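As provided, run_24.txt (compact mmCIF, N, CA and C atoms and all ligand atoms) reads as follows.
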# COMPACT_ATOMS: atom_id res chain seq x y z
N ILE A 1 17.73 -99.28 -23.23
CA ILE A 1 16.60 -100.02 -23.81
C ILE A 1 15.32 -99.62 -23.06
N GLU A 2 15.46 -99.54 -21.77
CA GLU A 2 14.35 -99.10 -20.93
C GLU A 2 13.83 -97.73 -21.37
N THR A 3 14.78 -96.79 -21.64
CA THR A 3 14.38 -95.43 -21.98
C THR A 3 13.62 -95.39 -23.31
N LYS A 4 13.86 -96.35 -24.18
CA LYS A 4 13.24 -96.33 -25.50
C LYS A 4 11.72 -96.38 -25.39
N ARG A 5 11.24 -96.94 -24.34
CA ARG A 5 9.79 -96.99 -24.16
C ARG A 5 9.22 -95.60 -23.93
N TYR A 6 10.04 -94.74 -23.36
CA TYR A 6 9.53 -93.42 -23.00
C TYR A 6 9.93 -92.34 -23.98
N TYR A 7 11.07 -92.51 -24.62
CA TYR A 7 11.57 -91.45 -25.47
C TYR A 7 11.58 -91.83 -26.94
N HIS A 8 11.13 -90.91 -27.75
CA HIS A 8 11.20 -91.06 -29.19
C HIS A 8 12.68 -91.08 -29.62
N GLU A 9 12.96 -91.75 -30.73
CA GLU A 9 14.36 -91.87 -31.14
C GLU A 9 15.03 -90.50 -31.41
N ARG A 10 14.23 -89.51 -31.83
CA ARG A 10 14.81 -88.18 -32.06
C ARG A 10 15.26 -87.54 -30.76
N VAL A 11 14.53 -87.84 -29.68
CA VAL A 11 14.94 -87.34 -28.37
C VAL A 11 16.26 -87.99 -27.99
N LEU A 12 16.34 -89.29 -28.18
CA LEU A 12 17.56 -90.01 -27.83
C LEU A 12 18.74 -89.52 -28.65
N ASP A 13 18.48 -89.23 -29.92
CA ASP A 13 19.55 -88.73 -30.80
C ASP A 13 20.11 -87.42 -30.25
N HIS A 14 19.22 -86.49 -29.91
CA HIS A 14 19.69 -85.20 -29.38
C HIS A 14 20.30 -85.37 -28.00
N TYR A 15 19.76 -86.31 -27.25
CA TYR A 15 20.27 -86.55 -25.89
C TYR A 15 21.69 -87.12 -25.96
N ASN A 16 21.89 -88.03 -26.90
CA ASN A 16 23.21 -88.67 -27.02
C ASN A 16 24.22 -87.81 -27.78
N ASN A 17 23.72 -87.03 -28.74
CA ASN A 17 24.61 -86.16 -29.51
C ASN A 17 24.07 -84.74 -29.51
N PRO A 18 24.08 -84.11 -28.37
CA PRO A 18 23.50 -82.76 -28.32
C PRO A 18 24.25 -81.80 -29.24
N ARG A 19 23.48 -80.96 -29.96
CA ARG A 19 24.11 -79.99 -30.85
C ARG A 19 24.32 -78.69 -30.09
N ASN A 20 25.43 -78.06 -30.37
CA ASN A 20 25.66 -76.68 -29.90
C ASN A 20 25.70 -76.53 -28.38
N ILE A 21 26.31 -77.51 -27.69
CA ILE A 21 26.50 -77.33 -26.25
C ILE A 21 27.64 -76.35 -26.03
N GLY A 22 27.48 -75.47 -25.05
CA GLY A 22 28.56 -74.57 -24.73
C GLY A 22 28.07 -73.29 -24.13
N SER A 23 28.95 -72.30 -24.05
CA SER A 23 28.49 -70.99 -23.60
C SER A 23 29.35 -69.89 -24.21
N PHE A 24 28.73 -68.71 -24.35
CA PHE A 24 29.41 -67.52 -24.86
C PHE A 24 29.60 -66.56 -23.69
N ASP A 25 30.45 -65.57 -23.92
CA ASP A 25 30.65 -64.52 -22.92
C ASP A 25 29.37 -63.69 -22.81
N LYS A 26 28.75 -63.81 -21.64
CA LYS A 26 27.49 -63.12 -21.38
C LYS A 26 27.57 -61.61 -21.62
N LYS A 27 28.78 -61.06 -21.38
CA LYS A 27 28.93 -59.60 -21.45
C LYS A 27 29.16 -59.10 -22.87
N SER A 28 29.47 -60.01 -23.74
CA SER A 28 29.74 -59.61 -25.12
C SER A 28 28.50 -58.94 -25.73
N LEU A 29 28.74 -57.84 -26.47
CA LEU A 29 27.62 -57.02 -26.94
C LEU A 29 26.78 -57.70 -28.01
N ASP A 30 27.36 -58.68 -28.69
CA ASP A 30 26.60 -59.35 -29.75
C ASP A 30 25.93 -60.64 -29.25
N VAL A 31 25.93 -60.81 -27.92
CA VAL A 31 25.37 -62.05 -27.34
C VAL A 31 24.10 -61.75 -26.54
N GLY A 32 23.10 -62.59 -26.73
CA GLY A 32 21.90 -62.54 -25.91
C GLY A 32 21.81 -63.81 -25.09
N THR A 33 21.48 -63.67 -23.80
CA THR A 33 21.49 -64.81 -22.90
C THR A 33 20.15 -64.95 -22.18
N ALA A 34 19.70 -66.18 -22.03
CA ALA A 34 18.50 -66.42 -21.23
C ALA A 34 18.67 -67.70 -20.44
N THR A 35 18.31 -67.62 -19.17
CA THR A 35 18.27 -68.81 -18.34
C THR A 35 16.84 -68.95 -17.84
N VAL A 36 16.23 -70.08 -18.15
CA VAL A 36 14.85 -70.29 -17.71
C VAL A 36 14.77 -71.58 -16.92
N GLY A 37 13.78 -71.62 -16.04
CA GLY A 37 13.63 -72.80 -15.20
C GLY A 37 12.19 -73.27 -15.18
N ALA A 38 12.03 -74.54 -14.95
CA ALA A 38 10.69 -75.11 -14.83
C ALA A 38 10.40 -75.36 -13.36
N PRO A 39 9.49 -74.56 -12.78
CA PRO A 39 9.19 -74.73 -11.36
C PRO A 39 8.71 -76.14 -11.03
N ALA A 40 8.00 -76.76 -11.97
CA ALA A 40 7.43 -78.07 -11.71
C ALA A 40 8.48 -79.12 -11.41
N CYS A 41 9.62 -79.03 -12.05
CA CYS A 41 10.60 -80.10 -11.90
C CYS A 41 11.98 -79.59 -11.51
N GLY A 42 12.18 -78.28 -11.51
CA GLY A 42 13.46 -77.73 -11.10
C GLY A 42 14.53 -77.77 -12.18
N ASP A 43 14.16 -78.13 -13.39
CA ASP A 43 15.15 -78.17 -14.46
C ASP A 43 15.48 -76.76 -14.94
N VAL A 44 16.72 -76.60 -15.41
CA VAL A 44 17.19 -75.29 -15.84
C VAL A 44 17.80 -75.38 -17.23
N MET A 45 17.48 -74.38 -18.05
CA MET A 45 17.98 -74.35 -19.42
C MET A 45 18.56 -72.97 -19.72
N LYS A 46 19.75 -72.97 -20.27
CA LYS A 46 20.36 -71.69 -20.69
C LYS A 46 20.60 -71.73 -22.19
N ILE A 47 20.11 -70.72 -22.89
CA ILE A 47 20.38 -70.62 -24.32
C ILE A 47 21.00 -69.26 -24.60
N GLN A 48 22.02 -69.25 -25.44
CA GLN A 48 22.67 -68.00 -25.82
C GLN A 48 22.73 -67.89 -27.33
N ILE A 49 22.49 -66.69 -27.83
CA ILE A 49 22.60 -66.46 -29.27
C ILE A 49 23.67 -65.42 -29.53
N LYS A 50 24.32 -65.57 -30.69
CA LYS A 50 25.28 -64.57 -31.14
C LYS A 50 24.70 -63.98 -32.42
N VAL A 51 24.57 -62.66 -32.45
CA VAL A 51 23.83 -62.02 -33.54
C VAL A 51 24.72 -61.10 -34.36
N LYS A 52 24.53 -61.19 -35.68
CA LYS A 52 25.21 -60.24 -36.57
C LYS A 52 24.22 -59.85 -37.66
N ASP A 53 24.06 -58.54 -37.87
CA ASP A 53 23.13 -58.03 -38.88
C ASP A 53 21.75 -58.69 -38.77
N ASN A 54 21.27 -58.78 -37.54
CA ASN A 54 19.92 -59.31 -37.30
C ASN A 54 19.78 -60.82 -37.54
N ILE A 55 20.90 -61.49 -37.71
CA ILE A 55 20.85 -62.94 -37.95
C ILE A 55 21.58 -63.68 -36.84
N VAL A 56 21.00 -64.78 -36.40
CA VAL A 56 21.65 -65.60 -35.38
C VAL A 56 22.76 -66.40 -36.05
N VAL A 57 23.99 -65.92 -35.88
CA VAL A 57 25.11 -66.57 -36.56
C VAL A 57 25.66 -67.74 -35.75
N ASP A 58 25.40 -67.73 -34.44
CA ASP A 58 25.84 -68.85 -33.61
C ASP A 58 24.92 -68.95 -32.40
N VAL A 59 24.86 -70.12 -31.84
CA VAL A 59 23.94 -70.33 -30.72
C VAL A 59 24.44 -71.51 -29.91
N CYS A 60 24.22 -71.45 -28.60
CA CYS A 60 24.66 -72.56 -27.77
C CYS A 60 23.71 -72.72 -26.57
N PHE A 61 23.81 -73.87 -25.93
CA PHE A 61 22.93 -74.10 -24.78
C PHE A 61 23.60 -74.96 -23.73
N LYS A 62 23.06 -74.86 -22.52
CA LYS A 62 23.41 -75.79 -21.45
C LYS A 62 22.13 -76.08 -20.71
N THR A 63 21.81 -77.33 -20.57
CA THR A 63 20.56 -77.70 -19.91
C THR A 63 20.83 -78.72 -18.82
N PHE A 64 20.33 -78.42 -17.64
CA PHE A 64 20.37 -79.38 -16.55
C PHE A 64 18.95 -79.88 -16.38
N GLY A 65 18.67 -81.02 -16.94
CA GLY A 65 17.30 -81.47 -16.86
C GLY A 65 17.10 -82.81 -17.53
N CYS A 66 15.86 -83.07 -17.81
CA CYS A 66 15.48 -84.37 -18.34
C CYS A 66 15.87 -84.48 -19.82
N GLY A 67 15.75 -85.67 -20.35
CA GLY A 67 16.09 -85.92 -21.75
C GLY A 67 15.29 -85.06 -22.70
N SER A 68 14.04 -84.83 -22.40
CA SER A 68 13.19 -84.03 -23.29
C SER A 68 13.63 -82.57 -23.29
N ALA A 69 14.05 -82.08 -22.14
CA ALA A 69 14.52 -80.69 -22.06
C ALA A 69 15.83 -80.54 -22.83
N ILE A 70 16.71 -81.51 -22.68
CA ILE A 70 17.99 -81.47 -23.41
C ILE A 70 17.73 -81.55 -24.91
N ALA A 71 16.86 -82.46 -25.31
CA ALA A 71 16.56 -82.60 -26.73
C ALA A 71 15.87 -81.35 -27.28
N SER A 72 14.95 -80.77 -26.49
CA SER A 72 14.24 -79.57 -26.94
C SER A 72 15.21 -78.42 -27.16
N SER A 73 16.15 -78.24 -26.23
CA SER A 73 17.08 -77.13 -26.38
C SER A 73 18.05 -77.38 -27.52
N SER A 74 18.50 -78.62 -27.65
CA SER A 74 19.40 -78.95 -28.74
C SER A 74 18.73 -78.69 -30.10
N LEU A 75 17.50 -79.14 -30.23
CA LEU A 75 16.75 -78.94 -31.48
C LEU A 75 16.51 -77.44 -31.73
N ALA A 76 16.15 -76.73 -30.67
CA ALA A 76 15.87 -75.29 -30.81
C ALA A 76 17.11 -74.56 -31.31
N THR A 77 18.27 -74.94 -30.82
CA THR A 77 19.49 -74.26 -31.29
C THR A 77 19.71 -74.54 -32.77
N GLU A 78 19.41 -75.76 -33.18
CA GLU A 78 19.55 -76.09 -34.61
C GLU A 78 18.61 -75.24 -35.46
N TRP A 79 17.41 -75.07 -34.97
CA TRP A 79 16.40 -74.32 -35.74
C TRP A 79 16.71 -72.83 -35.79
N CYS A 80 17.45 -72.34 -34.80
CA CYS A 80 17.76 -70.90 -34.74
C CYS A 80 18.90 -70.50 -35.67
N LYS A 81 19.82 -71.38 -35.81
CA LYS A 81 21.06 -71.01 -36.49
C LYS A 81 20.82 -70.54 -37.92
N GLY A 82 21.35 -69.35 -38.22
CA GLY A 82 21.24 -68.83 -39.57
C GLY A 82 19.93 -68.10 -39.85
N LYS A 83 19.05 -68.07 -38.85
CA LYS A 83 17.75 -67.41 -39.06
C LYS A 83 17.79 -65.96 -38.57
N THR A 84 16.84 -65.16 -39.05
CA THR A 84 16.71 -63.81 -38.53
C THR A 84 16.07 -63.87 -37.15
N LEU A 85 16.19 -62.79 -36.40
CA LEU A 85 15.59 -62.76 -35.07
C LEU A 85 14.08 -62.97 -35.15
N ASP A 86 13.45 -62.35 -36.15
CA ASP A 86 12.00 -62.51 -36.29
C ASP A 86 11.62 -63.96 -36.56
N GLN A 87 12.41 -64.63 -37.40
CA GLN A 87 12.13 -66.05 -37.68
C GLN A 87 12.28 -66.88 -36.41
N CYS A 88 13.28 -66.56 -35.61
CA CYS A 88 13.49 -67.32 -34.36
C CYS A 88 12.33 -67.12 -33.39
N LEU A 89 11.76 -65.91 -33.43
CA LEU A 89 10.63 -65.65 -32.53
C LEU A 89 9.42 -66.50 -32.89
N GLU A 90 9.41 -67.02 -34.10
CA GLU A 90 8.28 -67.83 -34.53
C GLU A 90 8.40 -69.30 -34.15
N ILE A 91 9.53 -69.69 -33.60
CA ILE A 91 9.70 -71.09 -33.19
C ILE A 91 8.76 -71.37 -32.03
N LYS A 92 7.91 -72.37 -32.22
CA LYS A 92 6.89 -72.66 -31.19
C LYS A 92 7.19 -73.95 -30.48
N ASN A 93 6.87 -73.98 -29.21
CA ASN A 93 7.10 -75.19 -28.44
C ASN A 93 6.28 -76.36 -29.01
N SER A 94 5.12 -76.04 -29.58
CA SER A 94 4.31 -77.12 -30.14
C SER A 94 5.02 -77.79 -31.32
N ASP A 95 5.77 -77.00 -32.10
CA ASP A 95 6.53 -77.59 -33.21
C ASP A 95 7.67 -78.46 -32.70
N ILE A 96 8.33 -77.96 -31.66
CA ILE A 96 9.42 -78.74 -31.05
C ILE A 96 8.87 -80.05 -30.51
N ALA A 97 7.77 -79.94 -29.77
CA ALA A 97 7.16 -81.13 -29.16
C ALA A 97 6.71 -82.12 -30.22
N LYS A 98 6.19 -81.59 -31.31
CA LYS A 98 5.72 -82.46 -32.39
C LYS A 98 6.90 -83.19 -33.04
N HIS A 99 7.95 -82.42 -33.32
CA HIS A 99 9.12 -83.01 -33.96
C HIS A 99 9.73 -84.12 -33.10
N LEU A 100 9.69 -83.92 -31.79
CA LEU A 100 10.30 -84.90 -30.89
C LEU A 100 9.28 -85.91 -30.36
N SER A 101 8.04 -85.77 -30.80
CA SER A 101 6.96 -86.64 -30.32
C SER A 101 6.89 -86.68 -28.80
N LEU A 102 6.94 -85.51 -28.18
CA LEU A 102 6.89 -85.47 -26.72
C LEU A 102 5.48 -85.79 -26.23
N PRO A 103 5.40 -86.58 -25.18
CA PRO A 103 4.09 -86.85 -24.59
C PRO A 103 3.62 -85.62 -23.80
N PRO A 104 2.32 -85.54 -23.50
CA PRO A 104 1.77 -84.36 -22.80
C PRO A 104 2.53 -83.98 -21.53
N VAL A 105 2.97 -84.95 -20.75
CA VAL A 105 3.65 -84.59 -19.50
C VAL A 105 5.00 -83.93 -19.75
N LYS A 106 5.48 -84.03 -21.00
CA LYS A 106 6.78 -83.44 -21.32
C LYS A 106 6.65 -82.15 -22.13
N MET A 107 5.41 -81.66 -22.28
CA MET A 107 5.21 -80.43 -23.03
C MET A 107 5.99 -79.27 -22.43
N HIS A 108 6.03 -79.21 -21.10
CA HIS A 108 6.70 -78.05 -20.48
C HIS A 108 8.20 -78.04 -20.78
N CYS A 109 8.77 -79.18 -21.12
CA CYS A 109 10.19 -79.22 -21.48
C CYS A 109 10.43 -78.41 -22.77
N SER A 110 9.50 -78.55 -23.73
CA SER A 110 9.64 -77.80 -24.98
C SER A 110 9.29 -76.33 -24.76
N MET A 111 8.39 -76.06 -23.79
CA MET A 111 8.08 -74.68 -23.42
C MET A 111 9.32 -73.93 -22.99
N LEU A 112 10.16 -74.64 -22.23
CA LEU A 112 11.40 -74.02 -21.76
C LEU A 112 12.23 -73.52 -22.93
N ALA A 113 12.31 -74.34 -23.99
CA ALA A 113 13.14 -73.98 -25.14
C ALA A 113 12.59 -72.75 -25.85
N GLU A 114 11.26 -72.72 -26.04
CA GLU A 114 10.66 -71.55 -26.69
C GLU A 114 10.92 -70.29 -25.87
N GLN A 115 10.68 -70.42 -24.57
CA GLN A 115 10.89 -69.30 -23.66
C GLN A 115 12.34 -68.80 -23.70
N ALA A 116 13.26 -69.75 -23.66
CA ALA A 116 14.68 -69.39 -23.61
C ALA A 116 15.09 -68.63 -24.87
N ILE A 117 14.61 -69.06 -26.02
CA ILE A 117 14.95 -68.37 -27.26
C ILE A 117 14.39 -66.95 -27.23
N LYS A 118 13.12 -66.83 -26.86
CA LYS A 118 12.48 -65.51 -26.84
C LYS A 118 13.23 -64.57 -25.88
N ARG A 119 13.59 -65.09 -24.72
CA ARG A 119 14.25 -64.21 -23.74
C ARG A 119 15.68 -63.89 -24.16
N ALA A 120 16.34 -64.81 -24.83
CA ALA A 120 17.70 -64.53 -25.31
C ALA A 120 17.66 -63.40 -26.34
N ILE A 121 16.65 -63.43 -27.20
CA ILE A 121 16.48 -62.37 -28.21
C ILE A 121 16.17 -61.05 -27.51
N TYR A 122 15.30 -61.12 -26.51
CA TYR A 122 14.95 -59.93 -25.74
C TYR A 122 16.20 -59.34 -25.09
N ASP A 123 17.00 -60.20 -24.49
CA ASP A 123 18.23 -59.75 -23.83
C ASP A 123 19.16 -59.07 -24.83
N TYR A 124 19.29 -59.66 -26.01
CA TYR A 124 20.13 -59.07 -27.04
C TYR A 124 19.60 -57.69 -27.45
N LYS A 125 18.30 -57.61 -27.67
CA LYS A 125 17.70 -56.35 -28.12
C LYS A 125 17.85 -55.25 -27.06
N LEU A 126 17.71 -55.67 -25.80
CA LEU A 126 17.87 -54.72 -24.70
C LEU A 126 19.28 -54.12 -24.72
N LYS A 127 20.26 -54.97 -24.96
CA LYS A 127 21.65 -54.50 -25.05
C LYS A 127 21.81 -53.49 -26.17
N GLN A 128 21.19 -53.78 -27.31
CA GLN A 128 21.32 -52.88 -28.46
C GLN A 128 20.65 -51.54 -28.15
N ASP A 129 19.49 -51.60 -27.49
CA ASP A 129 18.81 -50.37 -27.12
C ASP A 129 19.68 -49.51 -26.22
N LYS A 130 20.30 -50.17 -25.26
CA LYS A 130 21.15 -49.43 -24.33
C LYS A 130 22.32 -48.81 -25.07
N LEU A 131 22.88 -49.57 -26.00
CA LEU A 131 23.99 -49.06 -26.82
C LEU A 131 23.57 -47.82 -27.58
N ASN A 132 22.38 -47.92 -28.21
CA ASN A 132 21.89 -46.81 -29.02
C ASN A 132 21.61 -45.58 -28.17
N GLU A 133 21.03 -45.83 -26.99
CA GLU A 133 20.79 -44.72 -26.08
C GLU A 133 22.10 -44.03 -25.73
N GLY A 134 23.08 -44.84 -25.38
CA GLY A 134 24.41 -44.33 -25.04
C GLY A 134 24.98 -43.50 -26.16
N ALA A 135 24.81 -44.01 -27.40
CA ALA A 135 25.36 -43.35 -28.58
C ALA A 135 24.68 -42.01 -28.80
N SER A 136 23.35 -41.96 -28.61
CA SER A 136 22.65 -40.71 -28.89
C SER A 136 22.96 -39.67 -27.80
N LYS A 137 23.21 -40.17 -26.58
CA LYS A 137 23.58 -39.23 -25.52
C LYS A 137 24.93 -38.59 -25.82
N ASP A 138 25.84 -39.47 -26.32
CA ASP A 138 27.19 -38.97 -26.63
C ASP A 138 27.17 -37.98 -27.79
N GLY A 139 26.31 -38.27 -28.78
CA GLY A 139 26.36 -37.44 -29.99
C GLY A 139 25.40 -36.31 -29.84
FE1 LIG A 201 13.21 -85.14 -13.83
FE2 LIG A 201 12.86 -82.76 -14.96
S1 LIG A 201 11.51 -83.90 -13.78
S2 LIG A 201 14.58 -84.00 -14.93
FE1 LIG A 202 10.91 -80.72 -16.52
FE2 LIG A 202 11.65 -81.94 -18.68
S1 LIG A 202 12.01 -79.90 -18.14
S2 LIG A 202 10.66 -82.78 -17.00
Using structure tokens, write down the structure that the file contains.
Amino acid sequence: IETKRYYHERVLDHYNNPRNIGSFDKKSLDVGTATVGAPACGDVMKIQIKVKDNIVVDVCFKTFGCGSAIASSSLATEWCKGKTLDQCLEIKNSDIAKHLSLPPVKMHCSMLAEQAIKRAIYDYKLKQDKLNEGASKDG
């Protein structure tokens, strides 16, 4: 009841029923991984995407942090699923914050989610580049 004063009900919903908690094999070639941290508070968020034909077919997260960070990552994973990589790159922390009605002091929690998605995509693309380089060297 106390928390209700501080958190919007959508935050509480994601906090109580987080979507897509888990982890994938970091080494798997179709997986992109990002772990980001907020220096201000020490919270850590990990988001992983599984990609097929340029589409995020699965996604998961683990967040050690405040309710807003957990809700932001949970929501971000929902927004990523089934989208193309380019569409996922367009997910903005301001949209996450707006959807969850985050107060200004909690903006950085949604920043973590945007960052994590972008870096997970980057990690995936880097793997593909390395694969392609390897392939062209072989052929
Ligand atoms: Fe308390 Fe982030 S500041 S969990
Ligand atoms: Fe730092 Fe939420 S991530 S307070």
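When all atoms listed in the file are used to compute distances to ligand LIG 202 (chain A), the closest of the residues A:His99, A:Lys81, A:Lys106, A:Lys130 turns out to be A:Lys106.
Comparing A:Leu112, A:Leu126, A:Ile49, A:Cys66 by their smallest distance to Gly37 (chain A), the closest is A:Leu112 (using all atoms listed in the file).
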Nearby polymer residues, ligand LIG 201 (chain A), at most 6.5 Å, only N, CA and C atoms and all ligand atoms, as a ChimeraX atom specification:
/A:40-43,64-67
Would you output that residue set with N, CA and C atoms, as a PDB file, in the coordinates of the input?
ATOM      1  N   ALA A  40       8.000 -76.760 -11.970  1.00  0.00           N
ATOM      2  CA  ALA A  40       7.430 -78.070 -11.710  1.00  0.00           C
ATOM      3  C   ALA A  40       8.480 -79.120 -11.410  1.00  0.00           C
ATOM      4  N   CYS A  41       9.620 -79.030 -12.050  1.00  0.00           N
ATOM      5  CA  CYS A  41      10.600 -80.100 -11.900  1.00  0.00           C
ATOM      6  C   CYS A  41      11.980 -79.590 -11.510  1.00  0.00           C
ATOM      7  N   GLY A  42      12.180 -78.280 -11.510  1.00  0.00           N
ATOM      8  CA  GLY A  42      13.460 -77.730 -11.100  1.00  0.00           C
ATOM      9  C   GLY A  42      14.530 -77.770 -12.180  1.00  0.00           C
ATOM     10  N   ASP A  43      14.160 -78.130 -13.390  1.00  0.00           N
ATOM     11  CA  ASP A  43      15.150 -78.170 -14.460  1.00  0.00           C
ATOM     12  C   ASP A  43      15.480 -76.760 -14.940  1.00  0.00           C
ATOM     13  N   PHE A  64      20.330 -78.420 -17.640  1.00  0.00           N
ATOM     14  CA  PHE A  64      20.370 -79.380 -16.550  1.00  0.00           C
ATOM     15  C   PHE A  64      18.950 -79.880 -16.380  1.00  0.00           C
ATOM     16  N   GLY A  65      18.670 -81.020 -16.940  1.00  0.00           N
ATOM     17  CA  GLY A  65      17.300 -81.470 -16.860  1.00  0.00           C
ATOM     18  C   GLY A  65      17.100 -82.810 -17.530  1.00  0.00           C
ATOM     19  N   CYS A  66      15.860 -83.070 -17.810  1.00  0.00           N
ATOM     20  CA  CYS A  66      15.480 -84.370 -18.340  1.00  0.00           C
ATOM     21  C   CYS A  66      15.870 -84.480 -19.820  1.00  0.00           C
ATOM     22  N   GLY A  67      15.750 -85.670 -20.350  1.00  0.00           N
ATOM     23  CA  GLY A  67      16.090 -85.920 -21.750  1.00  0.00           C
ATOM     24  C   GLY A  67      15.290 -85.060 -22.700  1.00  0.00           C
TER      25      GLY A  67
END
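CA of Val56 (chain A) sits 9.5 Å away from atom N of Gln87 (chain A).
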Run DSSP on the backbone and tell me which residues of chain A come out as helix (DSSP H, G or I); list them as a PyMOL selection string.
chain A and resi 3-5+9-16+67-80+85-89+93-100+104-138
Determine, counting only C-alpha atoms, which protein, DNA and RNA residues have an atom within 12 Å of an atom of Asp95 (chain A); residues of the same chain fewer than 3 positions away are not included. Present the result as a PDB file with N, CA and C atoms, in the coordinates of the input.
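around.pdb, written as the output of this step:
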ATOM      1  N   SER A  72      14.950 -80.770 -26.490  1.00  0.00           N
ATOM      2  CA  SER A  72      14.240 -79.570 -26.940  1.00  0.00           C
ATOM      3  C   SER A  72      15.210 -78.420 -27.160  1.00  0.00           C
ATOM      4  N   LEU A  75      17.500 -79.140 -30.230  1.00  0.00           N
ATOM      5  CA  LEU A  75      16.750 -78.940 -31.480  1.00  0.00           C
ATOM      6  C   LEU A  75      16.510 -77.440 -31.730  1.00  0.00           C
ATOM      7  N   ALA A  76      16.150 -76.730 -30.670  1.00  0.00           N
ATOM      8  CA  ALA A  76      15.870 -75.290 -30.810  1.00  0.00           C
ATOM      9  C   ALA A  76      17.110 -74.560 -31.310  1.00  0.00           C
ATOM     10  N   TRP A  79      17.410 -75.070 -34.970  1.00  0.00           N
ATOM     11  CA  TRP A  79      16.400 -74.320 -35.740  1.00  0.00           C
ATOM     12  C   TRP A  79      16.710 -72.830 -35.790  1.00  0.00           C
ATOM     13  N   GLU A  90       9.410 -67.020 -34.100  1.00  0.00           N
ATOM     14  CA  GLU A  90       8.280 -67.830 -34.530  1.00  0.00           C
ATOM     15  C   GLU A  90       8.400 -69.300 -34.150  1.00  0.00           C
ATOM     16  N   ILE A  91       9.530 -69.690 -33.600  1.00  0.00           N
ATOM     17  CA  ILE A  91       9.700 -71.090 -33.190  1.00  0.00           C
ATOM     18  C   ILE A  91       8.760 -71.370 -32.030  1.00  0.00           C
ATOM     19  N   LYS A  92       7.910 -72.370 -32.220  1.00  0.00           N
ATOM     20  CA  LYS A  92       6.890 -72.660 -31.190  1.00  0.00           C
ATOM     21  C   LYS A  92       7.190 -73.950 -30.480  1.00  0.00           C
ATOM     22  N   LYS A  98       6.190 -81.590 -31.310  1.00  0.00           N
ATOM     23  CA  LYS A  98       5.720 -82.460 -32.390  1.00  0.00           C
ATOM     24  C   LYS A  98       6.900 -83.190 -33.040  1.00  0.00           C
ATOM     25  N   HIS A  99       7.950 -82.420 -33.320  1.00  0.00           N
ATOM     26  CA  HIS A  99       9.120 -83.010 -33.960  1.00  0.00           C
ATOM     27  C   HIS A  99       9.730 -84.120 -33.100  1.00  0.00           C
ATOM     28  N   LEU A 100       9.690 -83.920 -31.790  1.00  0.00           N
ATOM     29  CA  LEU A 100      10.300 -84.900 -30.890  1.00  0.00           C
ATOM     30  C   LEU A 100       9.280 -85.910 -30.360  1.00  0.00           C
ATOM     31  N   SER A 101       8.040 -85.770 -30.800  1.00  0.00           N
ATOM     32  CA  SER A 101       6.960 -86.640 -30.320  1.00  0.00           C
ATOM     33  C   SER A 101       6.890 -86.680 -28.800  1.00  0.00           C
ATOM     34  N   LEU A 102       6.940 -85.510 -28.180  1.00  0.00           N
ATOM     35  CA  LEU A 102       6.890 -85.470 -26.720  1.00  0.00           C
ATOM     36  C   LEU A 102       5.480 -85.790 -26.230  1.00  0.00           C
ATOM     37  N   MET A 107       5.410 -81.660 -22.280  1.00  0.00           N
ATOM     38  CA  MET A 107       5.210 -80.430 -23.030  1.00  0.00           C
ATOM     39  C   MET A 107       5.990 -79.270 -22.430  1.00  0.00           C
ATOM     40  N   SER A 110       9.500 -78.550 -23.730  1.00  0.00           N
ATOM     41  CA  SER A 110       9.640 -77.800 -24.980  1.00  0.00           C
ATOM     42  C   SER A 110       9.290 -76.330 -24.760  1.00  0.00           C
ATOM     43  N   MET A 111       8.390 -76.060 -23.790  1.00  0.00           N
ATOM     44  CA  MET A 111       8.080 -74.680 -23.420  1.00  0.00           C
ATOM     45  C   MET A 111       9.320 -73.930 -22.990  1.00  0.00           C
ATOM     46  N   ALA A 113      12.310 -74.340 -23.990  1.00  0.00           N
ATOM     47  CA  ALA A 113      13.140 -73.980 -25.140  1.00  0.00           C
ATOM     48  C   ALA A 113      12.590 -72.750 -25.850  1.00  0.00           C
ATOM     49  N   GLU A 114      11.260 -72.720 -26.040  1.00  0.00           N
ATOM     50  CA  GLU A 114      10.660 -71.550 -26.690  1.00  0.00           C
ATOM     51  C   GLU A 114      10.920 -70.290 -25.870  1.00  0.00           C
TER      52      GLU A 114
END
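Counting from CA of Thr77 (chain A), the distance to atom C of Val11 (chain A) is 14.5 Å.
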Nearest candidate to ligand LIG 202 (chain A) (options A:His8, A:Lys46, A:His108, A:Lys26; using only C-alpha atoms and all ligand atoms):
A:His108
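Nearest-residue note for ligand LIG 202 (chain A): choosing from A:Ile55, A:Val44, A:Ile117, A:Ala135, the minimum distance belongs to A:Val44, counting all atoms listed in the file.
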Can you pull out every residue within 10 Å of Asp58 (chain A), counting only C-alpha atoms, but drop anything in the same chain fewer than 6 positions away, and send it as number ranges by chain?
A: 20, 24, 31, 48-52, 77-78, 80-83
Report, in Å to a single decimal, how far apart CA of Arg19 (chain A) and CA of Cys60 (chain A) are.
8.1 Å
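In terms of minimum interatomic distance to ligand LIG 202 (chain A), A:Ala69 ranks closest within A:Ala116, A:Ala69, A:Tyr15, A:Met45, counting only C-alpha atoms and all ligand atoms.
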Enumerate, as a VMD selection string, the complete set of residues in region 53-98 of chain A that a backbone-based DSSP assignment places in strand (DSSP E or B).
chain A and resid 55 to 64 84
Edge lengths and centre in Å to one decimal, as JSON, of the axis-aligned box that encloses all listed atoms of region 68-87 of chain A with 6 Å added on every side?
{"center_x": 16.5, "center_y": -73.6, "center_z": -31.0, "size_x": 21.7, "size_y": 34.5, "size_z": 29.8}
Using all atoms listed in the file, the best pick from A:Ala120, A:Asn54, A:Asp86, A:Pro104 as closest to Thr35 (chain A) would be A:Ala120
